[in-house]
Each structure stands twice: as C-alpha cells, then as structure tokens.
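A short worksheet on the structure shown next.
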Protein chains: 2
Amino acid sequence: MDNDAPPALDAVVDLGPLPGLTGYALRRAQIAVFHDFHRTMEAEGIRTAQFSVLEVLKANPGLRQTQVSFALGIKTTNFVPLFDELERRGLAERRPIPGDRRAKGLFLTEAGRATLERLEKLVAEHEARFVARIGAAGKAQLLGLLHRLTDRTFDPDRS
Amino acid sequence: MDNDAPPALDAVVDLGPLPGLTGYALRRAQIAVFHDFHRTMEAEGIRTAQFSVLEVLKANPGLRQTQVSFALGIKTTNFVPLFDELERRGLAERRPIPGDRRAKGLFLTEAGRATLERLEKLVAEHEARFVARIGAAGKAQLLGLLHRLTDRTFDPDRS
DNA sequence: TCATGACAGTGATGGACAATAACGATCTGC
DNA sequence: GCAGATCGTTATTGTCCATCACTGTCATGA
C-alpha cells in the first residue's frame, strides 16, 4: 500500500505567516481585483492607468502633464507613452497652453467623453461584484482602512 | 492683472471617482506597503516574492517547485530564475526527490534559515508600522475584508 | 540683454514581474 | 513499450516602474 501519494499539485500548502501580513494580503487582493478589471475592460482595451487618466481629465480639463502624472503617482517619463496611446486612439489630446509654450494642456475628446461613459458603466458593474462580496458597509470600512494605510506612509516624492 | 497662477505642481487635483474604487485604493495602499517593505529589506537585498518563497520553504520543507509556485501564484516559468537567485546566494537549494527524477525538492539551507530569522524580525517591525496606523483591530478587519475579496474571485488557474 | 538655472516634455534604456510557446527528460497507464 | 501527461527549463514578449540624458522654453537678476 501506500503509494506516497501523487503529489497533488493543489495540495494544501502551509503559507506560514504570509496570510497574516498586510502586504501579502493586499497584493493578492489587488491582483484579484485588477484581474477582474482587466477582464471587464478587455473589450474596450483600456487598462487601469489609462482609465485613471481619463477620469482625471474629465474632472480637471486642461491640466498639464506634470500635474496629472503627479496626482496619479506616475512618473512623467512613463506618462508620455501612456498618453500617446490615448491620443493615438482619439480619446484625449494635448493642446498648447496660451502662456507657456513648454507645457501642454490635456483634454478629453468627444470620443473620449463618450468612451468614458461606457467605461464608467462597466466599472460600476465591476465594483458591484465586490460590493456583493463584502457589502456596502464592508467596502466603506475597507476604503477607510486603505486610506489610513496609504496616506503619507512615506513622503511621496521628489525628495 | 492677474497672472494665471504658476501652476503649482502639487495643486489639488480632483481625482473624480477614483478614490471610491476598490481597485484604485488597493493599488495605492499596496504600493505604499511594498515601498516600506522594500526599504525595510533593502539591506538584506530580499524582495517580496523571494521572502514569500523562503517562508513557504520553512513551513513545508521538501515541496517541489510546482507546488511552491502554485501555492504562491507564480508561474513555474518565472519561478525558476527567482529560485536560481536564492540558490546562488546559498539561502535555499534543490535536491533530487527519491521516487521521481524529474522533480526537485526545495529546502532552506542553514544560511537560509538564519537569514529568514533576521528577515522575520524586520518584517515584524514593518508590520508594526501599519498596526500603529490602523490598530490591531483595524488590521484584523482589513485582513478579513481582503480575504473575502480575494478568495475565488475568479478561478485561480491555468486552463 | 543675456547668461544661468529651473522646468515641461521626450527619448532611450534597464530591472522586476507576468505570460506564452516550445523543449528534453521522465513518469504513468494502458 | 508507447502515448500522453508531468516537471523543470529556456527563450521571448509585454507591462510597469525607475533613472539618465536631452531639447526647448521660461524666468531671474547681473
């Protein structure tokens, strides 16, 4: 008897202290949520960072690149190709800023506004799936805790 | 009159619906926590994935690569160089498994065990910083909520 | 006025991390 | 003993984040 058990790839593995670590739990949850987000947005071909840029543009038309990328915690360097893509797809655009020829103001296009409306519906459904899991109260609690964690954990920036 | 105000790079920017989205809040928190982790581990030169592997090995000596990577949600493909590095640094090792010449069992070395003990102290301090922010009860709540979010959001795997 | 330094945006590049495709060696079941 | 699955590996690709170096523009003050 006794085969030594064919190793069962999904055998129960003791993760030790990992499940009790904030960072580990956060990472797993973030992966799960983003995975759902990506699947939700698959048809539209929009990724998280792109979506967040569109939202910021909607709320603050005319901001310069520096401001948008700073607000979202994206290096301006990396922001460039990200926005290039949005511009290439006709969802947003750079316009010259009257008083400063270095800077460029960022705006949604009409197509961008329309697209964003569709996206927001999808995001609402996406979000609803999580509320279904933890309840509205749970979500409120979660957001509160996360904000307390995030808020100035370290100084965010350029020295 | 009226200068149009020098744009103030950290001017208040309206993030629209983003702060209310689970995924956005999670991402920001995760970045903050990992940033702290990286700074904490900087001296030891250990990254999150490596740490998690070491912990799993400590809790389950002799597991095969497939099992460890599956348990941690890492593709075996990507697991290889990760473990190579741990082996190169003498913290862990692959050993042949008696009944199966394809498979390799993974173990901590003595050095690995010693290192891990130091790491765990650092991680405890790291963790304590967050408990200081949200309290022990807050952390318990947070972990509970995160687990409920994570747990089978989508089917976890291959296929 | 013009030289210097700061600033906005861009390009090129590299590291960490995830995913896919394909392969050699080995095991398993029929 | 052969077909098909499994284990580990290589190679390759794409995304994300970071650093460095550069251009063009501005602002200041000597």
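For the structure tokens, the naming scheme is as follows: chains receive sequential letters (A, B, ...) according to their order of presentation, residues are indexed from 1 within each chain, and ligands are indexed from 1 in presentation order.
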
Can you work out which residues from chain A touch chain D at a cut-off of 9 Å (counting only C-alpha atoms (C1' of nucleotides)) and hand them back as a ChimeraX atom specification? /A:74-75,78,100-103

Take the selection from the previous step and output its residues with all heavy atoms, as a PDB file, in the first residue's frame.
ATOM      1  N   ILE A  74       2.353  58.753 -11.252  1.00  0.00           N
ATOM      2  CA  ILE A  74       3.039  58.167 -12.403  1.00  0.00           C
ATOM      3  C   ILE A  74       4.195  59.087 -12.773  1.00  0.00           C
ATOM      4  O   ILE A  74       4.027  60.294 -12.803  1.00  0.00           O
ATOM      5  CB  ILE A  74       2.075  58.072 -13.614  1.00  0.00           C
ATOM      6  CG1 ILE A  74       0.825  57.291 -13.231  1.00  0.00           C
ATOM      7  CG2 ILE A  74       2.770  57.458 -14.809  1.00  0.00           C
ATOM      8  CD1 ILE A  74      -0.253  57.312 -14.311  1.00  0.00           C
ATOM      9  N   LYS A  75       5.351  58.527 -13.022  1.00  0.00           N
ATOM     10  CA  LYS A  75       6.473  59.345 -13.458  1.00  0.00           C
ATOM     11  C   LYS A  75       6.126  59.971 -14.807  1.00  0.00           C
ATOM     12  O   LYS A  75       5.564  59.302 -15.680  1.00  0.00           O
ATOM     13  CB  LYS A  75       7.736  58.495 -13.603  1.00  0.00           C
ATOM     14  CG  LYS A  75       8.196  57.874 -12.317  1.00  0.00           C
ATOM     15  CD  LYS A  75       9.045  58.844 -11.507  1.00  0.00           C
ATOM     16  CE  LYS A  75       9.406  58.221 -10.166  1.00  0.00           C
ATOM     17  NZ  LYS A  75       9.778  59.195  -9.144  1.00  0.00           N
ATOM     18  N   ASN A  78       7.027  57.938 -17.778  1.00  0.00           N
ATOM     19  CA  ASN A  78       6.174  56.815 -18.159  1.00  0.00           C
ATOM     20  C   ASN A  78       4.803  57.292 -18.629  1.00  0.00           C
ATOM     21  O   ASN A  78       4.082  56.562 -19.305  1.00  0.00           O
ATOM     22  CB  ASN A  78       6.009  55.869 -16.979  1.00  0.00           C
ATOM     23  CG  ASN A  78       7.346  55.365 -16.480  1.00  0.00           C
ATOM     24  OD1 ASN A  78       8.229  55.070 -17.265  1.00  0.00           O
ATOM     25  ND2 ASN A  78       7.508  55.297 -15.176  1.00  0.00           N
ATOM     26  N   ASP A 100       2.387  79.472 -21.910  1.00  0.00           N
ATOM     27  CA  ASP A 100       3.620  78.709 -21.680  1.00  0.00           C
ATOM     28  C   ASP A 100       3.824  77.682 -22.787  1.00  0.00           C
ATOM     29  O   ASP A 100       3.104  76.702 -22.887  1.00  0.00           O
ATOM     30  CB  ASP A 100       3.527  78.011 -20.318  1.00  0.00           C
ATOM     31  CG  ASP A 100       4.863  77.395 -19.900  1.00  0.00           C
ATOM     32  OD1 ASP A 100       5.703  77.124 -20.778  1.00  0.00           O
ATOM     33  OD2 ASP A 100       5.065  77.203 -18.687  1.00  0.00           O
ATOM     34  N   ARG A 101       4.805  77.959 -23.617  1.00  0.00           N
ATOM     35  CA  ARG A 101       4.964  77.072 -24.772  1.00  0.00           C
ATOM     36  C   ARG A 101       5.642  75.756 -24.445  1.00  0.00           C
ATOM     37  O   ARG A 101       5.776  74.890 -25.287  1.00  0.00           O
ATOM     38  CB  ARG A 101       5.740  77.808 -25.874  1.00  0.00           C
ATOM     39  CG  ARG A 101       4.803  78.542 -26.817  1.00  0.00           C
ATOM     40  CD  ARG A 101       5.574  79.205 -27.916  1.00  0.00           C
ATOM     41  NE  ARG A 101       6.551  80.159 -27.371  1.00  0.00           N
ATOM     42  CZ  ARG A 101       7.432  80.810 -28.119  1.00  0.00           C
ATOM     43  NH1 ARG A 101       7.480  80.595 -29.417  1.00  0.00           N
ATOM     44  NH2 ARG A 101       8.279  81.666 -27.561  1.00  0.00           N
ATOM     45  N   ARG A 102       6.101  75.622 -23.211  1.00  0.00           N
ATOM     46  CA  ARG A 102       6.665  74.326 -22.817  1.00  0.00           C
ATOM     47  C   ARG A 102       5.542  73.348 -22.515  1.00  0.00           C
ATOM     48  O   ARG A 102       5.570  72.190 -22.891  1.00  0.00           O
ATOM     49  CB  ARG A 102       7.502  74.475 -21.541  1.00  0.00           C
ATOM     50  CG  ARG A 102       8.755  75.252 -21.689  1.00  0.00           C
ATOM     51  CD  ARG A 102       9.351  75.487 -20.320  1.00  0.00           C
ATOM     52  NE  ARG A 102       8.414  76.222 -19.439  1.00  0.00           N
ATOM     53  CZ  ARG A 102       8.689  76.539 -18.191  1.00  0.00           C
ATOM     54  NH1 ARG A 102       9.828  76.175 -17.645  1.00  0.00           N
ATOM     55  NH2 ARG A 102       7.817  77.205 -17.483  1.00  0.00           N
ATOM     56  N   ALA A 103       4.566  73.857 -21.796  1.00  0.00           N
ATOM     57  CA  ALA A 103       3.526  72.981 -21.250  1.00  0.00           C
ATOM     58  C   ALA A 103       2.445  72.640 -22.260  1.00  0.00           C
ATOM     59  O   ALA A 103       2.274  73.320 -23.261  1.00  0.00           O
ATOM     60  CB  ALA A 103       2.900  73.655 -20.046  1.00  0.00           C
TER      61      ALA A 103
END

Using only C-alpha atoms (C1' of nucleotides), which chain A residues lie at most 9 Å away from chain C, written as a PyMOL selection string? chain A and resi 64-66+76-77+80+101-104

Store the residues of this selection in a file with N, CA, C and O atoms, as a short mmCIF file (atom, residue, chain, number, x, y, z; two decimals), in the first residue's frame.
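Wrote out_17.cif, looks like this:
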data_model
loop_
_atom_site.label_atom_id
_atom_site.label_comp_id
_atom_site.auth_asym_id
_atom_site.auth_seq_id
_atom_site.Cartn_x
_atom_site.Cartn_y
_atom_site.Cartn_z
N ARG A 64 -1.95 70.20 -16.96
CA ARG A 64 -0.75 69.84 -17.72
C ARG A 64 -0.27 68.44 -17.32
O ARG A 64 -0.63 67.93 -16.26
N GLN A 65 0.56 67.89 -18.16
CA GLN A 65 1.01 66.51 -17.95
C GLN A 65 1.60 66.31 -16.56
O GLN A 65 1.32 65.34 -15.88
N THR A 66 2.44 67.25 -16.18
CA THR A 66 3.09 67.15 -14.89
C THR A 66 2.08 66.98 -13.76
O THR A 66 2.27 66.17 -12.86
N THR A 76 6.52 61.22 -14.98
CA THR A 76 6.18 61.87 -16.25
C THR A 76 6.77 61.08 -17.42
O THR A 76 6.16 60.99 -18.47
N THR A 77 7.92 60.54 -17.18
CA THR A 77 8.57 59.71 -18.20
C THR A 77 7.65 58.62 -18.71
O THR A 77 7.55 58.37 -19.91
N VAL A 80 4.27 59.67 -20.69
CA VAL A 80 4.29 60.05 -22.10
C VAL A 80 3.72 58.98 -23.03
O VAL A 80 2.75 59.23 -23.75
N ARG A 101 4.81 77.96 -23.62
CA ARG A 101 4.96 77.07 -24.77
C ARG A 101 5.64 75.76 -24.45
O ARG A 101 5.78 74.89 -25.29
N ARG A 102 6.10 75.62 -23.21
CA ARG A 102 6.66 74.33 -22.82
C ARG A 102 5.54 73.35 -22.51
O ARG A 102 5.57 72.19 -22.89
N ALA A 103 4.57 73.86 -21.80
CA ALA A 103 3.53 72.98 -21.25
C ALA A 103 2.44 72.64 -22.26
O ALA A 103 2.27 73.32 -23.26
N LYS A 104 1.75 71.56 -21.97
CA LYS A 104 0.62 71.16 -22.80
C LYS A 104 -0.57 70.84 -21.91
O LYS A 104 -0.41 70.18 -20.89
#

Should the cut-off be 8 Å, what would the residue list for chain B against chain A look like, counting only C-alpha atoms, as an MDAnalysis selection string? chainID B and resid 9:11 13:18 20:23 25:30 32:34 36 52 55:56 58:60 66:68 70:71 127 130 133:134 138:139 142:143 145:150 153:154

Expressed in Å to a single decimal, how great is the separation between atom CA of B:Thr40 and atom CA of B:Ala128?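 Separating atom CA of B:Thr40 from atom CA of B:Ala128 is a distance of 12.0 Å.
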
Using the chain letters and numbers from this document, which residues of stretch 51-119 of chain B does DSSP assign to helix (DSSP H, G or I), as number ranges by chain? B: 51-59, 65-72, 76-88, 110-119

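Across the structure, atom CA of A:Leu108 and atom CA of A:Arg88 are spaced 12.4 Å apart.
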
Just asking: which residues within stretch 60-95 of chain B are strand (DSSP E) according to DSSP, as a list in words?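 Restricting stretch 60-95 of chain B to strand (DSSP E) produces Ala92, Glu93, Arg94 and Arg95 of chain B.
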
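Going from atom CA of A:Leu91 to atom CA of A:Arg47 covers 13.4 Å.
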